[in-house]
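To keep things clear, I will list the structure first and then write my remarks on it.
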Amino acid sequence: MAARQRVVATLPTLIRALRKESPKPPNQRSLPSLRRAFSLYDQINLINNVPEDQLRFQGYTDEGFTVNEVTYEGSVLCVGNLVMSWSPKNFSEITADSLSIFQIMRPIPEILILGCGRYIQHVDPELRRFIRSTGMKLEALDSRNAASTYNILNEEGRVVAAALLPYGVSS
């Protein structure tokens, strides 16, 4: 009985310690930091003061992303406070249909950041027209830099969306 009481008493401490030590999978890479590019970042740490309910990409692998300490496999679509699994597996599957949620979503994000996988890809003019017709601007980047750009714009309070293929996608 006494052993059980000791276990129950130490459980909250153990849970707190485990939350602080979120081990990275061996192949997970952290996103690049832009702190060195801006002198203000040396004086004020804005990155670690992000509200808990705000989405923040923390890392990536060739197969997926880590957002707010949760690992997602495959492509993701981030809008507002939502992270959704997204169906395209490669760049050729990104179509107006795969982005049709933006036809009904309000408020419309001002920018859609498209993560193309390992390399930046040329976006089809028809897809560009569709995105423009929704009222958004398009920024196509490799997925690693797309996730970092999303973090920065989101932290600034901008209404932004990200549609990201895993970094391992190269076609």
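How things are named: the first chain in the structure tokens is A, the next is B, and so on; residues count from 1 in each chain; ligands count from 1 in the order shown.
With only C-alpha atoms taken into account, the protein and nucleic acid residues at most 7 Å from A:Gly64 (excluding it and anything under 2 positions from it in its own chain) are Tyr60, Thr61, Asp62, Tyr72, Glu73, Gly74, Ser75 and Pro166 of chain A.
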How would the residues just chosen look if you wrote them out with N, CA, C and O atoms as a tab-separated table (two decimals), in the first residue's frame?
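This is the output file out_13.tsv:
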```tsv
chain	number	residue	atom	x	y	z
A	60	TYR	N	11.02	18.33	-39.01
A	60	TYR	CA	10.56	17.61	-40.18
A	60	TYR	C	11.41	16.37	-40.38
A	60	TYR	O	12.54	16.29	-39.89
A	61	THR	N	10.85	15.41	-41.08
A	61	THR	CA	11.58	14.23	-41.52
A	61	THR	C	11.29	14.09	-43.01
A	61	THR	O	10.52	14.88	-43.57
A	62	ASP	N	11.84	13.08	-43.63
A	62	ASP	CA	11.52	12.83	-45.03
A	62	ASP	C	10.08	12.37	-45.20
A	62	ASP	O	9.53	12.42	-46.29
A	72	TYR	N	3.22	14.24	-37.49
A	72	TYR	CA	2.26	13.90	-38.55
A	72	TYR	C	3.02	13.26	-39.69
A	72	TYR	O	4.04	13.79	-40.14
A	73	GLU	N	2.54	12.14	-40.18
A	73	GLU	CA	3.15	11.48	-41.33
A	73	GLU	C	2.41	11.90	-42.58
A	73	GLU	O	1.19	12.04	-42.58
A	74	GLY	N	3.14	12.12	-43.65
A	74	GLY	CA	2.55	12.48	-44.93
A	74	GLY	C	2.36	13.98	-45.06
A	74	GLY	O	2.88	14.78	-44.28
A	75	SER	N	1.61	14.36	-46.07
A	75	SER	CA	1.35	15.76	-46.36
A	75	SER	C	0.39	16.36	-45.35
A	75	SER	O	-0.49	15.67	-44.84
A	166	PRO	N	5.77	16.15	-47.69
A	166	PRO	CA	6.94	15.79	-46.87
A	166	PRO	C	8.24	16.15	-47.59
A	166	PRO	O	8.31	16.14	-48.82
```
| said: List as a count of residues only the protein and nucleic acid residues near A:Gln103, meaning an atom at most 10 Å away when only C-alpha atoms are counted, but skip any in the same chain fewer than 6 places from it. | reply: 7
| task | Please provide as a list in words all residues within 12 Å of A:Ser92, with the sequence filter that same-chain residues fewer than 5 positions apart are discarded (counting only C-alpha atoms). | result | Ser87, Ser98, Cys116, Gly117, Gln121, His122, Val123, Asp124, Leu127, Leu165, Val169, Ser170 and Ser171 of chain A
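Shortest separation to A:Ala146 among A:Asp53, A:Asn81, A:Ala9, A:Phe65 occurs at residue A:Phe65, atoms counted being only C-alpha atoms.
As for atom CA of A:Ile113 and atom CA of A:Val159, they are spaced 11.3 Å apart.
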